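*Asks:* The structure under discussion is supplied below as structure tokens; questions concerning it will follow.
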Amino acid sequence: MKPYSLLILLYLAKTLAVVPDHRDLDKPILKVSTRNYNKQIIIEALQDVANKVTLSPSNLSRFQSWTIESERTCIENSNIKYFLRTIKLTDKIFEASECRTNTNPNFQSILQPSPNIHNLLLRNPDPVDSQLITNLMDHFGHYEQFKDYKFNDFNNLNYDLQCVIDYQELMQVGFKETIIEVTLERKVEVDETCQFKRLNPQFPGFSYDHVPVHLPVNGTFYCHKGKSKTCNRAIAEYKNSRYKLIDS
């Protein structure tokens, strides 16, 4: 099995785009603080903001330890808020097996999805991302456009798919996952005790950026024949193949 460092290959846009309710735009989907999450999340966010706004690189060393009392107050009184901005339905394509070729002219070989590969593809160990996904799924339960969609509907995946490989052909199993792609605005609100104005007198007290969140809906495995970004003859597996008689 090849490493899955390049799992996400392609986005295929669909026609459905949803405009968030204007009442949702100013209401945070999630608020992160030291009261409900590890303080390291806040520290890293503050460090990122400091790196962005500082006018002197020599000031950056101050935001490495966070040990004195004023810095503890800074961390505890700062927070991160996530606001809903855009929503669309789209597909995401993954590789779901090794790249394989058939070097036996007398038989066809068979390739199937790697066992339980969808669990590897869909796992998300980040606690903030996981909570964002949970909150968004609950939130979209009130959207008329999504009333017919069931999230995480992966109980009946076609793991019995058999891709038939003829002599010298290349084959790889793909996984097309349907997702709701959400763009969130992340607002880091920096407490005055952090004294970021010493880094930059024009600092307004907060920093914005945008983060994508993918809500899994369902998916299907399919056979991809031929060369691709993750499958070519230089890397194709051929040992330990499963064979069948050539179809007449």
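Note on naming: chains are A, B, ... as they come in the structure tokens, residues start from 1 per chain, ligands start from 1 in the order shown.
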Counting only C-alpha atoms, what is within 12 Å of region 143-155 of chain A, bar same-chain residues fewer than 4 positions away, as number ranges by chain?

*Replies:* A: 16-21, 24, 87-89, 116-119, 121-123, 133-134, 136-139, 159, 175-180, 214-221

*Asks:* Print the selection's residues with N, CA and C atoms to a file, as an mmCIF file, in the first residue's frame.

*Replies:*
data_model
loop_
_atom_site.group_PDB
_atom_site.id
_atom_site.type_symbol
_atom_site.label_atom_id
_atom_site.label_comp_id
_atom_site.auth_asym_id
_atom_site.auth_seq_id
_atom_site.Cartn_x
_atom_site.Cartn_y
_atom_site.Cartn_z
ATOM 1 N N LEU A 16 -25.118 22.865 -6.555
ATOM 2 C CA LEU A 16 -25.819 23.386 -5.406
ATOM 3 C C LEU A 16 -24.919 24.299 -4.593
ATOM 4 N N ALA A 17 -25.344 25.530 -4.390
ATOM 5 C CA ALA A 17 -24.688 26.446 -3.465
ATOM 6 C C ALA A 17 -25.772 27.047 -2.592
ATOM 7 N N VAL A 18 -25.496 27.192 -1.318
ATOM 8 C CA VAL A 18 -26.491 27.650 -0.369
ATOM 9 C C VAL A 18 -26.016 28.949 0.248
ATOM 10 N N VAL A 19 -26.877 29.935 0.285
ATOM 11 C CA VAL A 19 -26.561 31.203 0.926
ATOM 12 C C VAL A 19 -26.971 31.108 2.387
ATOM 13 N N PRO A 20 -26.047 31.318 3.325
ATOM 14 C CA PRO A 20 -26.421 31.241 4.731
ATOM 15 C C PRO A 20 -27.473 32.285 5.081
ATOM 16 N N ASP A 21 -28.327 31.939 6.007
ATOM 17 C CA ASP A 21 -29.300 32.881 6.537
ATOM 18 C C ASP A 21 -28.546 34.063 7.134
ATOM 19 N N ASP A 24 -27.495 34.087 10.620
ATOM 20 C CA ASP A 24 -26.414 33.195 11.047
ATOM 21 C C ASP A 24 -25.036 33.832 10.938
ATOM 22 N N ILE A 87 -21.432 28.125 1.932
ATOM 23 C CA ILE A 87 -21.792 26.706 1.964
ATOM 24 C C ILE A 87 -21.957 26.226 0.533
ATOM 25 N N LYS A 88 -21.420 25.050 0.209
ATOM 26 C CA LYS A 88 -21.697 24.456 -1.097
ATOM 27 C C LYS A 88 -21.565 22.942 -1.018
ATOM 28 N N LEU A 89 -22.268 22.287 -1.900
ATOM 29 C CA LEU A 89 -22.184 20.831 -2.024
ATOM 30 C C LEU A 89 -21.163 20.502 -3.099
ATOM 31 N N ASN A 116 -11.612 -1.142 5.031
ATOM 32 C CA ASN A 116 -11.871 -0.052 5.989
ATOM 33 C C ASN A 116 -11.131 1.239 5.656
ATOM 34 N N ILE A 117 -10.806 1.426 4.388
ATOM 35 C CA ILE A 117 -10.055 2.618 4.001
ATOM 36 C C ILE A 117 -10.832 3.893 4.297
ATOM 37 N N HIS A 118 -12.161 3.842 4.269
ATOM 38 C CA HIS A 118 -12.939 5.065 4.495
ATOM 39 C C HIS A 118 -12.738 5.603 5.909
ATOM 40 N N ASN A 119 -12.468 4.706 6.876
ATOM 41 C CA ASN A 119 -12.221 5.181 8.238
ATOM 42 C C ASN A 119 -10.930 5.986 8.316
ATOM 43 N N LEU A 121 -9.641 7.651 5.719
ATOM 44 C CA LEU A 121 -9.845 8.866 4.942
ATOM 45 C C LEU A 121 -10.660 9.899 5.699
ATOM 46 N N LEU A 122 -11.594 9.451 6.521
ATOM 47 C CA LEU A 122 -12.552 10.360 7.145
ATOM 48 C C LEU A 122 -12.184 10.759 8.564
ATOM 49 N N ARG A 123 -11.181 10.155 9.137
ATOM 50 C CA ARG A 123 -10.869 10.463 10.534
ATOM 51 C C ARG A 123 -10.354 11.894 10.666
ATOM 52 N N ILE A 133 -17.486 20.413 13.114
ATOM 53 C CA ILE A 133 -18.294 19.526 12.274
ATOM 54 C C ILE A 133 -19.592 19.158 12.982
ATOM 55 N N THR A 134 -19.495 18.809 14.259
ATOM 56 C CA THR A 134 -20.695 18.455 15.025
ATOM 57 C C THR A 134 -21.669 19.620 15.094
ATOM 58 N N LEU A 136 -21.905 22.224 13.102
ATOM 59 C CA LEU A 136 -22.444 22.557 11.782
ATOM 60 C C LEU A 136 -23.505 21.556 11.353
ATOM 61 N N MET A 137 -23.284 20.279 11.624
ATOM 62 C CA MET A 137 -24.295 19.277 11.288
ATOM 63 C C MET A 137 -25.602 19.557 12.019
ATOM 64 N N ASP A 138 -25.498 19.895 13.295
ATOM 65 C CA ASP A 138 -26.700 20.242 14.056
ATOM 66 C C ASP A 138 -27.358 21.494 13.491
ATOM 67 N N HIS A 139 -26.540 22.454 13.135
ATOM 68 C CA HIS A 139 -27.047 23.723 12.614
ATOM 69 C C HIS A 139 -27.775 23.533 11.286
ATOM 70 N N TYR A 159 -17.851 -2.014 -0.823
ATOM 71 C CA TYR A 159 -16.546 -2.657 -0.652
ATOM 72 C C TYR A 159 -16.412 -3.919 -1.495
ATOM 73 N N PHE A 175 -12.197 6.753 -4.418
ATOM 74 C CA PHE A 175 -13.322 6.957 -3.502
ATOM 75 C C PHE A 175 -13.838 8.372 -3.702
ATOM 76 N N LYS A 176 -15.073 8.479 -4.163
ATOM 77 C CA LYS A 176 -15.691 9.791 -4.346
ATOM 78 C C LYS A 176 -16.581 10.080 -3.149
ATOM 79 N N GLU A 177 -16.187 11.069 -2.380
ATOM 80 C CA GLU A 177 -16.942 11.438 -1.180
ATOM 81 C C GLU A 177 -17.741 12.705 -1.461
ATOM 82 N N THR A 178 -19.020 12.659 -1.200
ATOM 83 C CA THR A 178 -19.855 13.852 -1.290
ATOM 84 C C THR A 178 -19.788 14.576 0.047
ATOM 85 N N ILE A 179 -19.503 15.865 -0.021
ATOM 86 C CA ILE A 179 -19.358 16.655 1.203
ATOM 87 C C ILE A 179 -20.125 17.961 1.076
ATOM 88 N N ILE A 180 -20.414 18.543 2.208
ATOM 89 C CA ILE A 180 -20.838 19.937 2.255
ATOM 90 C C ILE A 180 -19.612 20.727 2.686
ATOM 91 N N HIS A 214 -15.142 20.438 6.078
ATOM 92 C CA HIS A 214 -15.843 19.495 5.205
ATOM 93 C C HIS A 214 -16.748 18.594 6.031
ATOM 94 N N LEU A 215 -18.035 18.620 5.713
ATOM 95 C CA LEU A 215 -19.006 17.773 6.391
ATOM 96 C C LEU A 215 -19.291 16.567 5.507
ATOM 97 N N PRO A 216 -18.908 15.366 5.927
ATOM 98 C CA PRO A 216 -19.104 14.181 5.085
ATOM 99 C C PRO A 216 -20.574 13.795 4.979
ATOM 100 N N VAL A 217 -21.019 13.524 3.747
ATOM 101 C CA VAL A 217 -22.397 13.099 3.511
ATOM 102 C C VAL A 217 -22.416 11.602 3.198
ATOM 103 N N ASN A 218 -21.864 11.215 2.056
ATOM 104 C CA ASN A 218 -21.782 9.799 1.687
ATOM 105 C C ASN A 218 -20.666 9.630 0.667
ATOM 106 N N GLY A 219 -20.541 8.434 0.114
ATOM 107 C CA GLY A 219 -19.481 8.207 -0.853
ATOM 108 C C GLY A 219 -19.647 6.886 -1.573
ATOM 109 N N THR A 220 -18.796 6.683 -2.574
ATOM 110 C CA THR A 220 -18.833 5.435 -3.338
ATOM 111 C C THR A 220 -17.442 5.141 -3.894
ATOM 112 N N PHE A 221 -17.106 3.860 -3.999
ATOM 113 C CA PHE A 221 -15.864 3.436 -4.627
ATOM 114 C C PHE A 221 -16.088 3.247 -6.122
#

*Asks:* Report as an MDAnalysis selection string: the residues of region 37-180 of chain A with a DSSP assignment of strand (DSSP E), based on the backbone of this structure.

*Replies:* chainID A and resid 79:95 100:101 107:111 163:165 170:180

*Asks:* Those selected residues, please, written with N, CA and C atoms and delivered as an mmCIF file, in the first residue's frame.

*Replies:*
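Final output, again19.cif:
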data_model
loop_
_atom_site.group_PDB
_atom_site.id
_atom_site.type_symbol
_atom_site.label_atom_id
_atom_site.label_comp_id
_atom_site.auth_asym_id
_atom_site.auth_seq_id
_atom_site.Cartn_x
_atom_site.Cartn_y
_atom_site.Cartn_z
ATOM 1 N N ASN A 79 -9.898 34.652 22.947
ATOM 2 C CA ASN A 79 -10.732 33.556 22.454
ATOM 3 C C ASN A 79 -10.701 33.510 20.930
ATOM 4 N N ILE A 80 -11.245 32.431 20.396
ATOM 5 C CA ILE A 80 -11.377 32.256 18.946
ATOM 6 C C ILE A 80 -12.843 31.981 18.645
ATOM 7 N N LYS A 81 -13.394 32.724 17.697
ATOM 8 C CA LYS A 81 -14.785 32.515 17.293
ATOM 9 C C LYS A 81 -14.837 32.164 15.808
ATOM 10 N N TYR A 82 -15.762 31.276 15.470
ATOM 11 C CA TYR A 82 -15.935 30.833 14.086
ATOM 12 C C TYR A 82 -17.321 31.237 13.595
ATOM 13 N N PHE A 83 -17.350 31.912 12.431
ATOM 14 C CA PHE A 83 -18.599 32.402 11.858
ATOM 15 C C PHE A 83 -18.833 31.784 10.483
ATOM 16 N N LEU A 84 -20.064 31.447 10.208
ATOM 17 C CA LEU A 84 -20.441 30.842 8.933
ATOM 18 C C LEU A 84 -20.395 31.878 7.817
ATOM 19 N N ARG A 85 -19.763 31.508 6.689
ATOM 20 C CA ARG A 85 -19.672 32.448 5.573
ATOM 21 C C ARG A 85 -20.212 31.859 4.266
ATOM 22 N N THR A 86 -19.738 30.711 3.820
ATOM 23 C CA THR A 86 -20.253 30.136 2.574
ATOM 24 C C THR A 86 -20.497 28.644 2.747
ATOM 25 N N ILE A 87 -21.432 28.125 1.932
ATOM 26 C CA ILE A 87 -21.792 26.706 1.964
ATOM 27 C C ILE A 87 -21.957 26.226 0.533
ATOM 28 N N LYS A 88 -21.420 25.050 0.209
ATOM 29 C CA LYS A 88 -21.697 24.456 -1.097
ATOM 30 C C LYS A 88 -21.565 22.942 -1.018
ATOM 31 N N LEU A 89 -22.268 22.287 -1.900
ATOM 32 C CA LEU A 89 -22.184 20.831 -2.024
ATOM 33 C C LEU A 89 -21.163 20.502 -3.099
ATOM 34 N N THR A 90 -20.254 19.579 -2.813
ATOM 35 C CA THR A 90 -19.204 19.255 -3.770
ATOM 36 C C THR A 90 -18.746 17.815 -3.548
ATOM 37 N N ASP A 91 -17.843 17.357 -4.387
ATOM 38 C CA ASP A 91 -17.259 16.024 -4.249
ATOM 39 C C ASP A 91 -15.771 16.147 -3.976
ATOM 40 N N LYS A 92 -15.238 15.175 -3.280
ATOM 41 C CA LYS A 92 -13.813 15.098 -3.018
ATOM 42 C C LYS A 92 -13.354 13.705 -3.430
ATOM 43 N N ILE A 93 -12.229 13.627 -4.134
ATOM 44 C CA ILE A 93 -11.747 12.359 -4.673
ATOM 45 C C ILE A 93 -10.494 11.912 -3.922
ATOM 46 N N PHE A 94 -10.491 10.655 -3.483
ATOM 47 C CA PHE A 94 -9.350 10.062 -2.790
ATOM 48 C C PHE A 94 -8.886 8.809 -3.536
ATOM 49 N N GLU A 95 -7.648 8.405 -3.314
ATOM 50 C CA GLU A 95 -7.205 7.080 -3.731
ATOM 51 C C GLU A 95 -7.616 6.099 -2.642
ATOM 52 N N ARG A 100 -2.064 -0.602 -9.267
ATOM 53 C CA ARG A 100 -1.717 -1.984 -9.622
ATOM 54 C C ARG A 100 -1.750 -2.179 -11.132
ATOM 55 N N THR A 101 -0.872 -3.071 -11.601
ATOM 56 C CA THR A 101 -0.877 -3.465 -13.000
ATOM 57 C C THR A 101 -0.909 -4.996 -13.088
ATOM 58 N N PHE A 107 -4.191 -14.234 -17.565
ATOM 59 C CA PHE A 107 -5.300 -14.011 -16.641
ATOM 60 C C PHE A 107 -5.601 -12.516 -16.516
ATOM 61 N N GLN A 108 -6.800 -12.232 -16.067
ATOM 62 C CA GLN A 108 -7.135 -10.894 -15.600
ATOM 63 C C GLN A 108 -6.908 -10.854 -14.088
ATOM 64 N N SER A 109 -6.514 -9.714 -13.579
ATOM 65 C CA SER A 109 -6.350 -9.598 -12.128
ATOM 66 C C SER A 109 -7.459 -8.724 -11.548
ATOM 67 N N ILE A 110 -7.664 -8.867 -10.250
ATOM 68 C CA ILE A 110 -8.763 -8.205 -9.553
ATOM 69 C C ILE A 110 -8.198 -7.247 -8.505
ATOM 70 N N LEU A 111 -8.759 -6.048 -8.461
ATOM 71 C CA LEU A 111 -8.379 -5.063 -7.450
ATOM 72 C C LEU A 111 -9.635 -4.582 -6.738
ATOM 73 N N CYS A 163 -12.478 -4.402 -9.508
ATOM 74 C CA CYS A 163 -11.950 -3.773 -10.714
ATOM 75 C C CYS A 163 -11.118 -4.810 -11.477
ATOM 76 N N VAL A 164 -11.505 -5.087 -12.702
ATOM 77 C CA VAL A 164 -10.843 -6.107 -13.521
ATOM 78 C C VAL A 164 -9.716 -5.452 -14.318
ATOM 79 N N ILE A 165 -8.501 -6.005 -14.172
ATOM 80 C CA ILE A 165 -7.325 -5.438 -14.825
ATOM 81 C C ILE A 165 -6.857 -6.386 -15.924
ATOM 82 N N LEU A 170 -3.204 -0.379 -16.172
ATOM 83 C CA LEU A 170 -3.058 0.218 -14.850
ATOM 84 C C LEU A 170 -4.442 0.392 -14.241
ATOM 85 N N MET A 171 -4.533 0.185 -12.930
ATOM 86 C CA MET A 171 -5.830 0.339 -12.266
ATOM 87 C C MET A 171 -5.612 0.806 -10.831
ATOM 88 N N GLN A 172 -6.532 1.637 -10.373
ATOM 89 C CA GLN A 172 -6.552 2.051 -8.972
ATOM 90 C C GLN A 172 -8.001 2.294 -8.568
ATOM 91 N N VAL A 173 -8.358 1.905 -7.345
ATOM 92 C CA VAL A 173 -9.697 2.183 -6.839
ATOM 93 C C VAL A 173 -9.731 3.612 -6.308
ATOM 94 N N GLY A 174 -10.760 4.349 -6.692
ATOM 95 C CA GLY A 174 -10.965 5.692 -6.179
ATOM 96 C C GLY A 174 -12.150 5.732 -5.234
ATOM 97 N N PHE A 175 -12.197 6.753 -4.418
ATOM 98 C CA PHE A 175 -13.322 6.957 -3.502
ATOM 99 C C PHE A 175 -13.838 8.372 -3.702
ATOM 100 N N LYS A 176 -15.073 8.479 -4.163
ATOM 101 C CA LYS A 176 -15.691 9.791 -4.346
ATOM 102 C C LYS A 176 -16.581 10.080 -3.149
ATOM 103 N N GLU A 177 -16.187 11.069 -2.380
ATOM 104 C CA GLU A 177 -16.942 11.438 -1.180
ATOM 105 C C GLU A 177 -17.741 12.705 -1.461
ATOM 106 N N THR A 178 -19.020 12.659 -1.200
ATOM 107 C CA THR A 178 -19.855 13.852 -1.290
ATOM 108 C C THR A 178 -19.788 14.576 0.047
ATOM 109 N N ILE A 179 -19.503 15.865 -0.021
ATOM 110 C CA ILE A 179 -19.358 16.655 1.203
ATOM 111 C C ILE A 179 -20.125 17.961 1.076
ATOM 112 N N ILE A 180 -20.414 18.543 2.208
ATOM 113 C CA ILE A 180 -20.838 19.937 2.255
ATOM 114 C C ILE A 180 -19.612 20.727 2.686
#

*Asks:* Considering only C-alpha atoms, can you say which of A:Leu120, A:Val32, A:Ala50, A:Cys99 comes closest to Arg233 (chain A)?

*Replies:* A:Cys99

*Asks:* So which residues of region 21-53 of chain A fall under helix (DSSP H, G or I) by DSSP, listed as a list in words?

*Replies:* His22, Arg23, Asp24, Lys39, Gln40, Ile41, Ile42, Ile43, Glu44, Ala45, Leu46, Gln47, Asp48, Val49, Ala50, Asn51, Lys52 and Val53 of chain A

*Asks:* Which residues, written as a list in words, have at least one atom at most 9 Å from Asp191 (chain A), with only C-alpha atoms counted and residues fewer than 3 positions away on the same chain left out?

*Replies:* Thr73, Cys74, Ile75, Glu76, Asn77, Ser78, Asn79, Cys194, Gln195, Phe196, Gly205 and Phe206 of chain A

*Asks:* For the residues selected in the previous step, produce a file with C-alpha atoms as a PDB file, in the first residue's frame.

*Replies:*
ATOM      1  CA  THR A  73      -4.460  36.624  31.909  1.00  0.00           C
ATOM      2  CA  CYS A  74      -3.856  37.331  28.232  1.00  0.00           C
ATOM      3  CA  ILE A  75      -4.386  33.685  27.326  1.00  0.00           C
ATOM      4  CA  GLU A  76      -7.420  33.152  29.534  1.00  0.00           C
ATOM      5  CA  ASN A  77      -9.205  36.304  28.319  1.00  0.00           C
ATOM      6  CA  SER A  78      -8.553  35.771  24.610  1.00  0.00           C
ATOM      7  CA  ASN A  79     -10.732  33.556  22.454  1.00  0.00           C
ATOM      8  CA  CYS A 194      -1.535  40.725  25.662  1.00  0.00           C
ATOM      9  CA  GLN A 195      -0.233  44.197  24.727  1.00  0.00           C
ATOM     10  CA  PHE A 196      -0.162  43.491  21.015  1.00  0.00           C
ATOM     11  CA  GLY A 205      -7.574  43.894  18.932  1.00  0.00           C
ATOM     12  CA  PHE A 206      -8.562  41.008  16.676  1.00  0.00           C
TER      13      PHE A 206
END

*Asks:* At a cut-off of 8 Å, using only C-alpha atoms, what residues contact Leu161 (chain A)? Leave out same-chain residues fewer than 4 positions from it and give the result as a PDB file with C-alpha atoms, in the first residue's frame.

*Replies:*
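Wrote it out as part30.pdb, contents follow:
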ATOM      1  CA  GLN A 112     -10.716  -4.076  -4.613  1.00  0.00           C
ATOM      2  CA  PRO A 113     -10.905  -1.161  -2.145  1.00  0.00           C
ATOM      3  CA  PHE A 221     -15.864   3.436  -4.627  1.00  0.00           C
ATOM      4  CA  TYR A 222     -15.141   3.307  -8.359  1.00  0.00           C
TER       5      TYR A 222
END
